[in-house]
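Trainee: Input target-v9.pdb, format and content: PDB, C-alpha atoms.
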ATOM      1  CA  MET A   1     -18.607  -7.089 -13.080
ATOM      2  CA  GLU A   2     -18.606 -10.864 -13.047
ATOM      3  CA  ARG A   3     -22.169 -12.133 -12.647
ATOM      4  CA  GLY A   4     -22.792 -14.677  -9.946
ATOM      5  CA  TYR A   5     -19.536 -13.883  -8.155
ATOM      6  CA  SER A   6     -19.956 -14.560  -4.463
ATOM      7  CA  GLU A   7     -17.599 -14.535  -1.538
ATOM      8  CA  ARG A   8     -17.667 -14.440   2.242
ATOM      9  CA  ILE A   9     -14.648 -13.346   4.267
ATOM     10  CA  GLU A  10     -14.350 -12.899   8.012
ATOM     11  CA  ILE A  11     -11.488 -11.474  10.035
ATOM     12  CA  THR A  12     -11.143 -10.662  13.724
ATOM     13  CA  ILE A  13      -8.479  -8.272  14.997
ATOM     14  CA  SER A  14      -7.431  -6.899  18.362
ATOM     15  CA  SER A  15      -7.999  -3.212  18.935
ATOM     16  CA  ARG A  16      -4.764  -1.799  17.572
ATOM     17  CA  PHE A  17      -4.615   0.955  14.976
ATOM     18  CA  GLU A  18      -1.923  -0.926  13.048
ATOM     19  CA  ASN A  19      -4.505  -3.643  12.305
ATOM     20  CA  ILE A  20      -6.814  -1.263  10.460
ATOM     21  CA  GLU A  21      -4.943  -1.637   7.216
ATOM     22  CA  LEU A  22      -5.341  -5.437   7.269
ATOM     23  CA  VAL A  23      -9.104  -5.048   7.060
ATOM     24  CA  GLN A  24      -8.885  -2.215   4.543
ATOM     25  CA  VAL A  25      -6.709  -4.289   2.225
ATOM     26  CA  ILE A  26      -9.168  -7.190   2.322
ATOM     27  CA  ALA A  27     -11.962  -4.827   1.308
ATOM     28  CA  GLU A  28      -9.961  -3.369  -1.556
ATOM     29  CA  HIS A  29      -8.824  -6.747  -2.894
ATOM     30  CA  LEU A  30     -12.324  -8.192  -2.647
ATOM     31  CA  CYS A  31     -13.679  -5.284  -4.664
ATOM     32  CA  GLU A  32     -10.899  -5.480  -7.251
ATOM     33  CA  ASN A  33     -11.473  -9.223  -7.622
ATOM     34  CA  ALA A  34     -15.148  -8.476  -8.228
ATOM     35  CA  GLY A  35     -14.251  -6.103 -11.059
ATOM     36  CA  VAL A  36     -14.448  -2.746  -9.305
ATOM     37  CA  ASP A  37     -11.915  -0.228 -10.611
ATOM     38  CA  GLU A  38      -9.008   1.007  -8.493
ATOM     39  CA  ASP A  39     -10.664   4.252  -7.411
ATOM     40  CA  GLY A  40     -13.941   2.564  -6.486
ATOM     41  CA  SER A  41     -12.100  -0.075  -4.484
ATOM     42  CA  HIS A  42     -10.083   2.630  -2.743
ATOM     43  CA  TRP A  43     -13.162   4.507  -1.554
ATOM     44  CA  ILE A  44     -14.834   1.368  -0.228
ATOM     45  CA  GLY A  45     -11.565   0.521   1.510
ATOM     46  CA  MET A  46     -11.574   3.967   3.051
ATOM     47  CA  ALA A  47     -15.118   3.506   4.380
ATOM     48  CA  VAL A  48     -13.926   0.261   5.981
ATOM     49  CA  ARG A  49     -10.860   2.024   7.409
ATOM     50  CA  GLU A  50     -13.066   4.647   9.046
ATOM     51  CA  ALA A  51     -15.460   2.030  10.429
ATOM     52  CA  VAL A  52     -12.673  -0.069  11.942
ATOM     53  CA  ALA A  53     -10.937   3.008  13.366
ATOM     54  CA  ASN A  54     -14.180   4.064  15.061
ATOM     55  CA  ALA A  55     -14.708   0.552  16.429
ATOM     56  CA  ILE A  56     -11.197   0.505  17.901
ATOM     57  CA  LYS A  57     -11.161   4.066  19.231
ATOM     58  CA  HIS A  58     -14.734   4.866  20.202
ATOM     59  CA  GLY A  59     -16.168   1.350  20.556
ATOM     60  CA  ASN A  60     -13.443  -0.654  22.252
ATOM     61  CA  LYS A  61     -11.666   2.458  23.537
ATOM     62  CA  LEU A  62      -8.252   1.112  22.512
ATOM     63  CA  ASP A  63      -8.559  -1.912  24.831
ATOM     64  CA  VAL A  64      -6.417  -4.478  22.982
ATOM     65  CA  ARG A  65      -8.211  -7.312  24.776
ATOM     66  CA  LYS A  66     -11.384  -6.357  22.954
ATOM     67  CA  LYS A  67     -11.880  -7.526  19.403
ATOM     68  CA  VAL A  68     -13.177  -5.982  16.223
ATOM     69  CA  SER A  69     -14.659  -8.357  13.677
ATOM     70  CA  ALA A  70     -15.264  -7.653  10.032
ATOM     71  CA  THR A  71     -17.449  -9.730   7.738
ATOM     72  CA  PHE A  72     -17.584  -9.188   3.999
ATOM     73  CA  VAL A  73     -20.408 -10.804   2.055
ATOM     74  CA  LEU A  74     -20.386 -10.368  -1.688
ATOM     75  CA  ASP A  75     -23.376 -11.658  -3.623
ATOM     76  CA  GLY A  76     -23.162 -10.701  -7.258
ATOM     77  CA  ALA A  77     -22.898  -6.916  -7.297
ATOM     78  CA  GLU A  78     -24.163  -6.502  -3.736
ATOM     79  CA  LEU A  79     -21.516  -6.051  -1.070
ATOM     80  CA  GLU A  80     -22.424  -6.074   2.611
ATOM     81  CA  ILE A  81     -19.771  -5.252   5.191
ATOM     82  CA  THR A  82     -20.340  -5.676   8.919
ATOM     83  CA  ILE A  83     -17.926  -4.218  11.455
ATOM     84  CA  SER A  84     -18.577  -5.200  15.075
ATOM     85  CA  ASP A  85     -16.960  -4.116  18.316
ATOM     86  CA  GLU A  86     -17.418  -4.865  22.025
ATOM     87  CA  GLY A  87     -18.115  -1.299  23.091
ATOM     88  CA  GLU A  88     -21.066   0.339  24.795
ATOM     89  CA  GLY A  89     -22.464   2.002  21.703
ATOM     90  CA  PHE A  90     -23.512   5.566  21.029
ATOM     91  CA  ASP A  91     -26.412   7.578  19.680
ATOM     92  CA  PRO A  92     -25.916   8.101  15.930
ATOM     93  CA  GLU A  93     -28.437  10.951  16.064
ATOM     94  CA  LYS A  94     -26.025  12.927  18.233
ATOM     95  CA  VAL A  95     -23.220  12.782  15.693
ATOM     96  CA  SER A  96     -22.810  16.314  14.385
ATOM     97  CA  ASP A  97     -22.952  17.196  10.699
ATOM     98  CA  PRO A  98     -19.412  18.047   9.562
ATOM     99  CA  LEU A  99     -20.827  20.188   6.735
ATOM    100  CA  ASN A 100     -22.540  22.517   9.184
ATOM    101  CA  PRO A 101     -20.495  25.747   9.086
ATOM    102  CA  GLN A 102     -20.225  25.602  12.880
ATOM    103  CA  ASN A 103     -18.464  22.243  12.596
ATOM    104  CA  LEU A 104     -16.337  22.882   9.527
ATOM    105  CA  MET A 105     -13.156  23.595  11.490
ATOM    106  CA  LYS A 106     -13.519  20.761  13.962
ATOM    107  CA  THR A 107     -10.615  18.340  14.005
ATOM    108  CA  SER A 108     -12.831  15.248  14.294
ATOM    109  CA  GLY A 109     -16.283  13.988  13.358
ATOM    110  CA  ARG A 110     -15.860  13.207   9.660
ATOM    111  CA  GLY A 111     -15.497   9.411   9.756
ATOM    112  CA  ILE A 112     -19.177   8.495   9.575
ATOM    113  CA  PHE A 113     -19.720  11.190   6.952
ATOM    114  CA  TYR A 114     -17.073   9.601   4.736
ATOM    115  CA  MET A 115     -18.652   6.156   5.223
ATOM    116  CA  LYS A 116     -22.039   7.502   4.172
ATOM    117  CA  THR A 117     -20.463   9.252   1.204
ATOM    118  CA  PHE A 118     -18.697   6.177  -0.156
ATOM    119  CA  MET A 119     -21.305   3.518   0.649
ATOM    120  CA  ASP A 120     -24.986   3.229  -0.314
ATOM    121  CA  GLN A 121     -26.302   2.518   3.179
ATOM    122  CA  VAL A 122     -24.814   2.726   6.659
ATOM    123  CA  HIS A 123     -26.744   1.310   9.590
ATOM    124  CA  TYR A 124     -25.834   0.797  13.248
ATOM    125  CA  SER A 125     -27.310  -1.763  15.605
ATOM    126  CA  PHE A 126     -26.630  -2.004  19.316
ATOM    127  CA  HIS A 127     -26.709  -5.317  21.150
ATOM    128  CA  PRO A 128     -28.397  -5.511  24.573
ATOM    129  CA  GLY A 129     -25.411  -7.224  26.172
ATOM    130  CA  GLY A 130     -22.977  -4.696  24.749
ATOM    131  CA  GLY A 131     -21.327  -4.355  21.388
ATOM    132  CA  THR A 132     -22.102  -2.391  18.292
ATOM    133  CA  SER A 133     -22.454  -3.598  14.729
ATOM    134  CA  LEU A 134     -22.168  -1.343  11.734
ATOM    135  CA  VAL A 135     -23.577  -2.663   8.490
ATOM    136  CA  MET A 136     -22.599  -0.937   5.261
ATOM    137  CA  THR A 137     -23.887  -1.929   1.857
ATOM    138  CA  LYS A 138     -22.772  -1.043  -1.619
ATOM    139  CA  ASN A 139     -23.962  -1.966  -5.061
ATOM    140  CA  LEU A 140     -20.686  -2.382  -6.910
ATOM    141  CA  THR A 141     -22.141  -1.352 -10.244
ATOM    142  CA  LYS A 142     -22.731   2.173  -8.884
ATOM    143  CA  GLY A 143     -20.175   4.958  -8.704
ATOM    144  CA  SER A 144     -17.988   5.749  -5.746
ATOM    145  CA  GLY A 145     -20.348   8.322  -4.268
ATOM    146  CA  ILE A 146     -17.911  11.192  -4.407
ATOM    147  CA  ALA A 147     -19.140  14.397  -5.966
ATOM    148  CA  SER A 148     -17.019  14.245  -9.097
ATOM    149  CA  ASN A 149     -18.459  10.834  -9.995
ATOM    150  CA  LYS A 150     -22.081  11.672  -9.385
ATOM    151  CA  ALA A 151     -22.596  13.683 -12.541
TER     152      ALA A 151
ATOM    153  CA  MET B   1       5.026   9.610   7.645
ATOM    154  CA  LYS B   2       8.216  11.474   6.832
ATOM    155  CA  ALA B   3       8.452  15.250   6.984
ATOM    156  CA  THR B   4      11.274  17.370   5.569
ATOM    157  CA  THR B   5      11.511  21.114   5.972
ATOM    158  CA  ARG B   6      13.247  23.827   3.961
ATOM    159  CA  THR B   7      12.930  27.592   3.698
ATOM    160  CA  ALA B   8      12.401  29.649   0.542
ATOM    161  CA  ASP B   9      11.889  33.421   0.572
ATOM    162  CA  GLY B  10      10.778  33.337   4.187
ATOM    163  CA  VAL B  11       8.273  30.556   3.636
ATOM    164  CA  GLU B  12       8.672  27.303   5.492
ATOM    165  CA  ILE B  13       8.020  24.496   3.031
ATOM    166  CA  ILE B  14       7.183  21.216   4.738
ATOM    167  CA  THR B  15       7.139  18.185   2.466
ATOM    168  CA  LEU B  16       5.087  15.284   3.810
ATOM    169  CA  GLN B  17       5.525  11.753   2.527
ATOM    170  CA  GLY B  18       3.652   8.561   3.347
ATOM    171  CA  LYS B  19       0.529   8.042   5.418
ATOM    172  CA  ILE B  20      -1.333  10.575   7.518
ATOM    173  CA  THR B  21      -3.657   8.217   9.327
ATOM    174  CA  ILE B  22      -4.984   7.531  12.791
ATOM    175  CA  GLY B  23      -2.342   6.560  15.299
ATOM    176  CA  SER B  24       0.661   7.367  13.136
ATOM    177  CA  GLY B  25       1.024  10.267  10.723
ATOM    178  CA  ASP B  26      -1.728  12.330  12.335
ATOM    179  CA  THR B  27       0.158  12.921  15.582
ATOM    180  CA  GLN B  28       3.424  13.384  13.691
ATOM    181  CA  LEU B  29       1.897  16.157  11.596
ATOM    182  CA  ARG B  30       0.726  17.919  14.744
ATOM    183  CA  GLU B  31       4.248  17.747  16.215
ATOM    184  CA  VAL B  32       5.873  19.042  13.037
ATOM    185  CA  ILE B  33       3.539  22.030  12.818
ATOM    186  CA  THR B  34       3.845  22.781  16.542
ATOM    187  CA  ASN B  35       7.641  22.726  16.343
ATOM    188  CA  VAL B  36       7.763  25.027  13.326
ATOM    189  CA  VAL B  37       5.313  27.498  14.860
ATOM    190  CA  ASN B  38       7.201  27.466  18.163
ATOM    191  CA  GLU B  39      10.314  28.499  16.233
ATOM    192  CA  GLY B  40       8.428  31.642  15.281
ATOM    193  CA  LYS B  41       7.815  30.601  11.687
ATOM    194  CA  ASN B  42       4.250  31.211  10.645
ATOM    195  CA  ARG B  43       4.299  31.253   6.844
ATOM    196  CA  ILE B  44       3.905  27.578   6.078
ATOM    197  CA  LEU B  45       3.444  25.734   2.813
ATOM    198  CA  LEU B  46       2.576  22.046   3.092
ATOM    199  CA  ASP B  47       3.721  20.040   0.060
ATOM    200  CA  LEU B  48       1.424  17.019   0.039
ATOM    201  CA  SER B  49       2.505  15.406  -3.232
ATOM    202  CA  GLY B  50       4.072  12.455  -1.412
ATOM    203  CA  VAL B  51       1.074  11.649   0.774
ATOM    204  CA  THR B  52      -0.031   8.137  -0.134
ATOM    205  CA  THR B  53      -2.933   7.631   2.280
ATOM    206  CA  ILE B  54      -4.978   9.964   4.445
ATOM    207  CA  ASP B  55      -8.047   9.282   6.568
ATOM    208  CA  SER B  56     -10.472  11.421   8.566
ATOM    209  CA  SER B  57      -7.933  11.758  11.379
ATOM    210  CA  GLY B  58      -5.354  13.047   8.926
ATOM    211  CA  ILE B  59      -7.887  15.469   7.477
ATOM    212  CA  GLY B  60      -8.657  16.577  11.028
ATOM    213  CA  GLU B  61      -4.976  17.236  11.657
ATOM    214  CA  LEU B  62      -4.763  19.358   8.514
ATOM    215  CA  VAL B  63      -7.642  21.422   9.896
ATOM    216  CA  GLY B  64      -5.964  21.576  13.316
ATOM    217  CA  SER B  65      -2.701  22.677  11.705
ATOM    218  CA  TYR B  66      -4.493  25.424   9.814
ATOM    219  CA  THR B  67      -6.104  26.654  13.039
ATOM    220  CA  THR B  68      -2.822  26.501  14.984
ATOM    221  CA  VAL B  69      -0.985  28.597  12.413
ATOM    222  CA  THR B  70      -3.855  31.043  11.888
ATOM    223  CA  ASN B  71      -4.216  31.611  15.639
ATOM    224  CA  ARG B  72      -0.552  32.653  15.702
ATOM    225  CA  GLY B  73      -1.226  35.244  13.034
ATOM    226  CA  GLY B  74       0.277  33.135  10.288
ATOM    227  CA  LYS B  75      -0.851  31.414   7.129
ATOM    228  CA  LEU B  76      -0.844  27.762   6.135
ATOM    229  CA  LYS B  77      -1.336  26.860   2.495
ATOM    230  CA  LEU B  78      -1.313  23.590   0.570
ATOM    231  CA  LEU B  79       0.785  22.582  -2.428
ATOM    232  CA  HIS B  80       0.442  19.654  -4.842
ATOM    233  CA  LEU B  81      -2.728  18.017  -3.540
ATOM    234  CA  PRO B  82      -2.976  14.336  -4.535
ATOM    235  CA  ALA B  83      -6.232  13.602  -6.356
ATOM    236  CA  LYS B  84      -7.795  11.524  -3.599
ATOM    237  CA  LEU B  85      -6.947  14.056  -0.898
ATOM    238  CA  ASN B  86      -8.471  16.719  -3.128
ATOM    239  CA  GLU B  87     -11.677  14.649  -3.303
ATOM    240  CA  LEU B  88     -11.790  14.277   0.484
ATOM    241  CA  LEU B  89     -11.426  18.026   0.976
ATOM    242  CA  HIS B  90     -14.136  18.677  -1.604
ATOM    243  CA  VAL B  91     -16.793  16.364  -0.146
ATOM    244  CA  THR B  92     -16.295  17.883   3.316
ATOM    245  CA  GLN B  93     -16.245  21.418   1.848
ATOM    246  CA  LEU B  94     -12.843  21.998   3.448
ATOM    247  CA  ILE B  95     -11.517  22.930   0.045
ATOM    248  CA  THR B  96     -13.174  26.315   0.692
ATOM    249  CA  VAL B  97     -10.949  26.789   3.755
ATOM    250  CA  PHE B  98      -7.529  26.046   2.312
ATOM    251  CA  GLU B  99      -5.591  27.958  -0.310
ATOM    252  CA  VAL B 100      -4.277  25.298  -2.691
ATOM    253  CA  TYR B 101      -1.488  25.729  -5.254
ATOM    254  CA  GLU B 102      -0.019  23.569  -7.965
ATOM    255  CA  ASP B 103       3.027  25.764  -8.597
ATOM    256  CA  GLU B 104       5.542  26.255  -5.789
ATOM    257  CA  GLN B 105       6.777  29.677  -6.917
ATOM    258  CA  GLU B 106       3.235  30.956  -7.230
ATOM    259  CA  ALA B 107       2.467  29.616  -3.762
ATOM    260  CA  ILE B 108       5.534  31.305  -2.240
ATOM    261  CA  LYS B 109       4.680  34.627  -3.845
ATOM    262  CA  SER B 110       1.151  34.460  -2.433
ATOM    263  CA  PHE B 111       2.315  34.835   1.193
TER     264      PHE B 111
END
Taking this structure as input, can you express it in the form of structure tokens?
Mentor:
Amino acid sequence: MERGYSERIEITISSRFENIELVQVIAEHLCENAGVDEDGSHWIGMAVREAVANAIKHGNKLDVRKKVSATFVLDGAELEITISDEGEGFDPEKVSDPLNPQNLMKTSGRGIFYMKTFMDQVHYSFHPGGGTSLVMTKNLTKGSGIASNKA
Amino acid sequence: MKATTRTADGVEIITLQGKITIGSGDTQLREVITNVVNEGKNRILLDLSGVTTIDSSGIGELVGSYTTVTNRGGKLKLLHLPAKLNELLHVTQLITVFEVYEDEQEAIKSF
């Protein structure tokens, strides 16, 4: 990890699924440039993929006129990623636990779980005039968060 | 995503290649499984060695495929899990649901 490495990148996309990978690739390259290994960069990129997909599908409800913005702020080993949409928001407390046996065979509901698995912190904020921002943080000197790396 | 299908000893082997992600491969996977099941084939082995990227939607479609086949009295098993897909199934405990094989002949015999 290069000490003192800092970077700020912003991108705004329209709400199309084919744009998800643009944001994911930025995340992965930013992490690789900061010295994170390929696997670690991949998992952070996946957290970003899930966040952007949720913003497009559940936030902006696939309305291509609505935008999703992503901001990456890297300060040394601390990475903060903000994904914002123009949707009406939701109650994070009502998101079901995909590990609950009752939910194991559901075909959806794992996106936020993956984000929480791969990042250190995941926090939502809802703006009074509409719009949701998801802030995810990760200390890049830590592992990926997946079980096999936690030992 | 590209899907190719062949039959061996009564088992339908579906080889998936590319991305199984939201808005693309996820719906394709659903169509492939639905078509195979509608043809009356319910012993299905998914060869995932060529899957390059999968997200939560793709994982969800794997679960949906398993349920579709099981509800028809059949079995769906997985072959050649890529390492990252294996990790995603582990952290969500879905690895306990699927039968996973590394050897094709062993997988075919298991049906």
Trainee: Take the ChimeraX specification (/B :<10) & /A, run it mentally on this structure, and tell me the resulting residues as JSON, numbers by chain.
Mentor: {"A": [16, 17, 18, 20, 39, 42, 43, 46, 47, 49, 50, 53, 57, 97, 98, 99, 100, 101, 104, 105, 106, 107, 108, 109, 110, 111, 112, 113, 114, 117, 145, 146, 147, 148]}
Trainee: Please indicate the distance in Å from CA of Val73 (chain A) to CA of Ser15 (chain A), rounded to one decimal place.
Mentor: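 These two atoms are separated by 22.3 Å.
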Trainee: Which residues, written as number ranges by chain, have at least one atom at most 12 Å from region 60-70 of chain A, with all atoms listed in the file counted and residues fewer than 4 positions away on the same chain left out?
Mentor: A: 8-20, 22-24, 26-27, 48-49, 51-56, 80-90, 130-136; B: 23
Trainee: Report, as JSON, the axis-aligned box around all atoms of region 71-77 of chain A present in the file, extended by 6 Å on each side; give centre and edge lengths in Å to one decimal place.
Mentor:
{"center_x": -20.4, "center_y": -9.3, "center_z": 0.2, "size_x": 17.9, "size_y": 16.7, "size_z": 27.0}
Trainee: So which residues touch Lys41 (chain B) within 10 Å, counting only C-alpha atoms, skipping near sequence neighbours fewer than 5 positions away, as an mmCIF file with C-alpha atoms, in the frame of the given file?
Mentor:
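Listing of around_10.cif after writing:
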data_model
loop_
_atom_site.group_PDB
_atom_site.id
_atom_site.type_symbol
_atom_site.label_atom_id
_atom_site.label_comp_id
_atom_site.auth_asym_id
_atom_site.auth_seq_id
_atom_site.Cartn_x
_atom_site.Cartn_y
_atom_site.Cartn_z
ATOM 1 C CA THR B 7 12.930 27.592 3.698
ATOM 2 C CA GLY B 10 10.778 33.337 4.187
ATOM 3 C CA VAL B 11 8.273 30.556 3.636
ATOM 4 C CA GLU B 12 8.672 27.303 5.492
ATOM 5 C CA ILE B 33 3.539 22.030 12.818
ATOM 6 C CA ASN B 35 7.641 22.726 16.343
ATOM 7 C CA VAL B 36 7.763 25.027 13.326
ATOM 8 C CA VAL B 69 -0.985 28.597 12.413
ATOM 9 C CA ARG B 72 -0.552 32.653 15.702
ATOM 10 C CA GLY B 74 0.277 33.135 10.288
ATOM 11 C CA LYS B 75 -0.851 31.414 7.129
#
Trainee: On this file, the PyMOL selection byres ((chain B and resi 51) around 7) gives some set of residues; write that set as a list in words.
Mentor: Leu16, Gln17, Gly18, Lys19, Leu48, Ser49, Gly50, Thr52 and Thr53 of chain B
Trainee: Can you spell out as a VMD selection string the set of residues that the PyMOL selection byres ((chain A and resi 76) around 12) selects in the structure I just provided?
Mentor: chain A and resid 1 to 8 31 33 to 36 73 to 75 77 to 80 138 to 141
Trainee: Using C-alpha atoms, can you write the selected residues to a file as an mmCIF file, keeping the file's coordinate frame?
Mentor:
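In the end it all went to out_1.cif:
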data_model
loop_
_atom_site.group_PDB
_atom_site.id
_atom_site.type_symbol
_atom_site.label_atom_id
_atom_site.label_comp_id
_atom_site.auth_asym_id
_atom_site.auth_seq_id
_atom_site.Cartn_x
_atom_site.Cartn_y
_atom_site.Cartn_z
ATOM 1 C CA MET A 1 -18.607 -7.089 -13.080
ATOM 2 C CA GLU A 2 -18.606 -10.864 -13.047
ATOM 3 C CA ARG A 3 -22.169 -12.133 -12.647
ATOM 4 C CA GLY A 4 -22.792 -14.677 -9.946
ATOM 5 C CA TYR A 5 -19.536 -13.883 -8.155
ATOM 6 C CA SER A 6 -19.956 -14.560 -4.463
ATOM 7 C CA GLU A 7 -17.599 -14.535 -1.538
ATOM 8 C CA ARG A 8 -17.667 -14.440 2.242
ATOM 9 C CA CYS A 31 -13.679 -5.284 -4.664
ATOM 10 C CA ASN A 33 -11.473 -9.223 -7.622
ATOM 11 C CA ALA A 34 -15.148 -8.476 -8.228
ATOM 12 C CA GLY A 35 -14.251 -6.103 -11.059
ATOM 13 C CA VAL A 36 -14.448 -2.746 -9.305
ATOM 14 C CA VAL A 73 -20.408 -10.804 2.055
ATOM 15 C CA LEU A 74 -20.386 -10.368 -1.688
ATOM 16 C CA ASP A 75 -23.376 -11.658 -3.623
ATOM 17 C CA ALA A 77 -22.898 -6.916 -7.297
ATOM 18 C CA GLU A 78 -24.163 -6.502 -3.736
ATOM 19 C CA LEU A 79 -21.516 -6.051 -1.070
ATOM 20 C CA GLU A 80 -22.424 -6.074 2.611
ATOM 21 C CA LYS A 138 -22.772 -1.043 -1.619
ATOM 22 C CA ASN A 139 -23.962 -1.966 -5.061
ATOM 23 C CA LEU A 140 -20.686 -2.382 -6.910
ATOM 24 C CA THR A 141 -22.141 -1.352 -10.244
#
Trainee: I need the residue nearest Leu29 (chain B) from this list: B:Leu45, B:Leu89, B:Ala8, B:Ala3. Use all atoms listed in the file for the distance.
Mentor: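 Among the listed residues, B:Ala3 lies closest to Leu29 (chain B).
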Trainee: Interatomic distance between CA of Glu102 (chain B) and CA of Ala83 (chain B)?
Mentor: 11.9 Å
Trainee: Mind giving me the straight-line distance from CA of Glu32 (chain A) to CA of Leu85 (chain B) in Å, one decimal?
Mentor: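 Going from CA of Glu32 (chain A) over to CA of Leu85 (chain B) covers 20.9 Å.
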Trainee: From the block you just saw, export region 42-69 of chain A: C-alpha atoms, as a PDB file, in the first residue's frame.
Mentor:
ATOM      1  CA  HIS A  42     -12.690  -7.737  -7.285  1.00  0.00           C
ATOM      2  CA  TRP A  43     -14.738  -7.937  -4.094  1.00  0.00           C
ATOM      3  CA  ILE A  44     -14.837  -4.168  -3.661  1.00  0.00           C
ATOM      4  CA  GLY A  45     -15.864  -3.909  -7.308  1.00  0.00           C
ATOM      5  CA  MET A  46     -18.634  -6.384  -6.631  1.00  0.00           C
ATOM      6  CA  ALA A  47     -19.923  -4.333  -3.687  1.00  0.00           C
ATOM      7  CA  VAL A  48     -20.029  -1.330  -6.028  1.00  0.00           C
ATOM      8  CA  ARG A  49     -21.813  -3.397  -8.692  1.00  0.00           C
ATOM      9  CA  GLU A  50     -24.502  -4.384  -6.199  1.00  0.00           C
ATOM     10  CA  ALA A  51     -24.912  -0.811  -4.951  1.00  0.00           C
ATOM     11  CA  VAL A  52     -25.273   0.626  -8.454  1.00  0.00           C
ATOM     12  CA  ALA A  53     -27.666  -2.149  -9.497  1.00  0.00           C
ATOM     13  CA  ASN A  54     -29.865  -1.399  -6.480  1.00  0.00           C
ATOM     14  CA  ALA A  55     -29.775   2.330  -7.235  1.00  0.00           C
ATOM     15  CA  ILE A  56     -30.856   1.715 -10.834  1.00  0.00           C
ATOM     16  CA  LYS A  57     -33.474  -0.949 -10.125  1.00  0.00           C
ATOM     17  CA  HIS A  58     -34.933  -0.118  -6.730  1.00  0.00           C
ATOM     18  CA  GLY A  59     -33.977   3.563  -6.438  1.00  0.00           C
ATOM     19  CA  ASN A  60     -34.548   5.000  -9.891  1.00  0.00           C
ATOM     20  CA  LYS A  61     -36.823   2.132 -10.937  1.00  0.00           C
ATOM     21  CA  LEU A  62     -35.112   1.814 -14.325  1.00  0.00           C
ATOM     22  CA  ASP A  63     -36.069   5.375 -15.335  1.00  0.00           C
ATOM     23  CA  VAL A  64     -33.213   6.259 -17.710  1.00  0.00           C
ATOM     24  CA  ARG A  65     -33.869   9.967 -17.168  1.00  0.00           C
ATOM     25  CA  LYS A  66     -32.802   9.552 -13.564  1.00  0.00           C
ATOM     26  CA  LYS A  67     -29.122   9.499 -12.739  1.00  0.00           C
ATOM     27  CA  VAL A  68     -26.907   7.468 -10.469  1.00  0.00           C
ATOM     28  CA  SER A  69     -23.745   9.150  -9.251  1.00  0.00           C
TER      29      SER A  69
END
